[in-house]
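Below is one structure, written out as structure tokens; comments come after it.
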Amino acid sequence: MRFKAPIVSTAVAMLSGLAVLLLLLLPTGLDALYAGVIRWAAALAAVALLVGLVNLVNVHVEKSSGGGSEAVSSIALLAAFGLTFLAALFLGPNGSAAGVEPVNWLFQYVQVPVEAALMALLAVSLVYASARLLRRVPNLFSFVFIGTALLVLLGTSTLATGEFGLISELVTGVHGWITRVPAAAGARGLLIGVALGSVAAGLRILIGTDRPFGG
């Protein structure tokens, strides 16, 4: 009897999920087996990440030979990837050359500024989107949205440094309350929703209702 590959992959996924679930629910005598399964999963995830990186390199190698602005961006990405990869491969994440830690230097002076710039763009985009929303749908929720966005931006500006007396204290207090109460509640709600969605998706795969492998 010949088995189709999608059916086999779905069966392997179902059996692996059931095995891990049973190892979590059974007595602690099988902790070593559970740890071994988790190590296998981590190794497979690392291999999948490596395959994804190889695919990323292949895509940008093809784009770099096409010319135009996309080629320049692809060449820059390949150069940065190769530099970081070689530094981490030969020196390690904490290795140093001539008193400089290349990987940590790249992270601190390249990765962190890029992430900060993207977050700043996101904040400006939110304010711009809220202004457009206020023009199109001028209701209470639009005013609340744009007011909250402006207060959060003011709370991280120079008005919150204490140089403007009562205004600084008011802005800091409102910003702190927004961060501690509504923002934290919304983040927890999103995390709970993600967790419930993950559990539901996992159960659908375990019982065979959902077959993401094509089986």
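Chain labels follow the order of the structure tokens: the first chain is A, the next B, and so on; residue numbering restarts at 1 in every chain, and ligands are counted from 1 in their shown order.
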Could you give me the residues within segment 27-165 of chain A that DSSP places in alpha helix (DSSP H), as a PyMOL selection string?
chain A and resi 31-64+69-91+102-106+112-136+140-155
Generate a file of the selected residues that holds C-alpha atoms, formatted as a short mmCIF file (atom, residue, chain, number, x, y, z; two decimals), in the first residue's frame.
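Written file, part.cif:
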data_model
loop_
_atom_site.label_atom_id
_atom_site.label_comp_id
_atom_site.auth_asym_id
_atom_site.auth_seq_id
_atom_site.Cartn_x
_atom_site.Cartn_y
_atom_site.Cartn_z
CA ASP A 31 10.40 14.39 31.84
CA ALA A 32 13.57 13.28 30.05
CA LEU A 33 11.57 12.09 27.04
CA TYR A 34 9.62 15.36 26.98
CA ALA A 35 12.85 17.37 27.09
CA GLY A 36 14.23 15.26 24.24
CA VAL A 37 11.16 15.93 22.09
CA ILE A 38 11.48 19.66 22.77
CA ARG A 39 15.16 19.53 21.74
CA TRP A 40 14.18 17.79 18.50
CA ALA A 41 11.61 20.49 17.83
CA ALA A 42 14.20 23.21 18.50
CA ALA A 43 16.66 21.52 16.12
CA LEU A 44 14.00 21.26 13.41
CA ALA A 45 13.08 24.92 13.92
CA ALA A 46 16.75 25.87 13.50
CA VAL A 47 16.94 23.86 10.27
CA ALA A 48 13.74 25.50 9.02
CA LEU A 49 15.24 28.93 9.81
CA LEU A 50 18.38 28.02 7.89
CA VAL A 51 16.31 26.90 4.90
CA GLY A 52 14.40 30.18 5.06
CA LEU A 53 17.67 32.15 5.10
CA VAL A 54 18.97 30.21 2.08
CA ASN A 55 15.73 30.96 0.24
CA LEU A 56 16.02 34.65 1.19
CA VAL A 57 19.56 34.78 -0.19
CA ASN A 58 18.49 33.06 -3.42
CA VAL A 59 15.62 35.50 -3.95
CA HIS A 60 17.81 38.57 -3.44
CA VAL A 61 20.63 37.15 -5.58
CA GLU A 62 18.12 36.93 -8.44
CA LYS A 63 16.86 40.46 -7.74
CA SER A 64 20.39 41.89 -7.56
CA SER A 69 16.47 50.25 -7.35
CA GLU A 70 15.50 46.75 -6.24
CA ALA A 71 18.96 45.51 -7.20
CA VAL A 72 20.64 48.13 -5.00
CA SER A 73 18.45 47.18 -2.02
CA SER A 74 19.11 43.47 -2.59
CA ILE A 75 22.88 44.01 -2.80
CA ALA A 76 22.80 46.02 0.44
CA LEU A 77 20.80 43.28 2.15
CA LEU A 78 23.16 40.54 0.92
CA ALA A 79 26.21 42.51 2.03
CA ALA A 80 24.77 43.13 5.50
CA PHE A 81 23.66 39.50 5.80
CA GLY A 82 27.08 38.17 4.75
CA LEU A 83 28.92 40.51 7.10
CA THR A 84 26.76 39.60 10.10
CA PHE A 85 26.81 35.89 9.30
CA LEU A 86 30.60 35.73 8.96
CA ALA A 87 31.14 37.77 12.12
CA ALA A 88 28.83 35.49 14.13
CA LEU A 89 30.27 32.33 12.53
CA PHE A 90 33.97 33.02 13.13
CA LEU A 91 33.83 35.20 16.25
CA PRO A 102 31.17 43.01 15.79
CA VAL A 103 27.84 41.29 16.40
CA ASN A 104 26.99 43.42 19.43
CA TRP A 105 28.19 46.53 17.58
CA LEU A 106 25.93 45.75 14.61
CA VAL A 112 18.42 49.23 17.37
CA PRO A 113 18.40 52.54 15.39
CA VAL A 114 16.50 50.87 12.53
CA GLU A 115 13.88 49.51 14.95
CA ALA A 116 13.59 52.90 16.66
CA ALA A 117 13.10 54.61 13.29
CA LEU A 118 10.41 52.11 12.30
CA MET A 119 8.59 52.61 15.60
CA ALA A 120 8.75 56.38 15.11
CA LEU A 121 7.29 55.99 11.62
CA LEU A 122 4.57 53.79 13.07
CA ALA A 123 3.66 56.45 15.63
CA VAL A 124 3.51 59.19 12.98
CA SER A 125 1.47 56.91 10.70
CA LEU A 126 -1.01 56.27 13.52
CA VAL A 127 -1.50 59.99 14.09
CA TYR A 128 -1.93 60.60 10.36
CA ALA A 129 -4.40 57.70 10.10
CA SER A 130 -6.34 59.00 13.08
CA ALA A 131 -6.56 62.46 11.49
CA ARG A 132 -7.90 60.95 8.26
CA LEU A 133 -10.33 58.85 10.28
CA LEU A 134 -11.52 61.98 12.07
CA ARG A 135 -12.22 63.64 8.72
CA ARG A 136 -14.12 60.67 7.32
CA LEU A 140 -16.68 59.81 19.57
CA PHE A 141 -14.34 56.88 18.95
CA SER A 142 -12.38 58.88 16.39
CA PHE A 143 -11.82 61.69 18.90
CA VAL A 144 -10.81 59.18 21.58
CA PHE A 145 -8.36 57.51 19.20
CA ILE A 146 -6.61 60.68 18.07
CA GLY A 147 -6.62 62.11 21.60
CA THR A 148 -4.99 58.97 22.98
CA ALA A 149 -2.38 58.93 20.22
CA LEU A 150 -1.47 62.58 20.83
CA LEU A 151 -1.28 62.10 24.60
CA VAL A 152 1.04 59.11 24.22
CA LEU A 153 3.28 61.07 21.85
CA LEU A 154 3.34 64.04 24.22
CA GLY A 155 4.16 61.71 27.10
#
Give me, as JSON, numbers by chain, all polymer residues having an atom no more than 7 Å from segment 12-29 of chain A, counting only C-alpha atoms and skipping those fewer than 3 positions away in the same chain.
{"A": [8, 9, 34, 205, 206]}
In Å to one decimal, how far is atom CA of Ser157 of chain A from atom CA of Gly173 of chain A?
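Going from atom CA of Gly173 of chain A over to atom CA of Ser157 of chain A, I get 13.5 Å.
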Can you tell me how far atom CA of Leu203 of chain A sits from atom CA of Ala11 of chain A, in Å to one decimal?
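Separation between atom CA of Leu203 of chain A and atom CA of Ala11 of chain A: 13.8 Å.
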Atom CA of Gly186 of chain A and atom CA of Ala201 of chain A, how far apart in Å?
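Going from atom CA of Ala201 of chain A over to atom CA of Gly186 of chain A, I get 22.3 Å.
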Selected residue, from A:Thr156, A:Thr10, A:Gln111, A:Ser198, that lies nearest to Thr179 of chain A when counting only C-alpha atoms
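Residue with the minimum atom-to-atom distance to Thr179 of chain A: A:Thr156.
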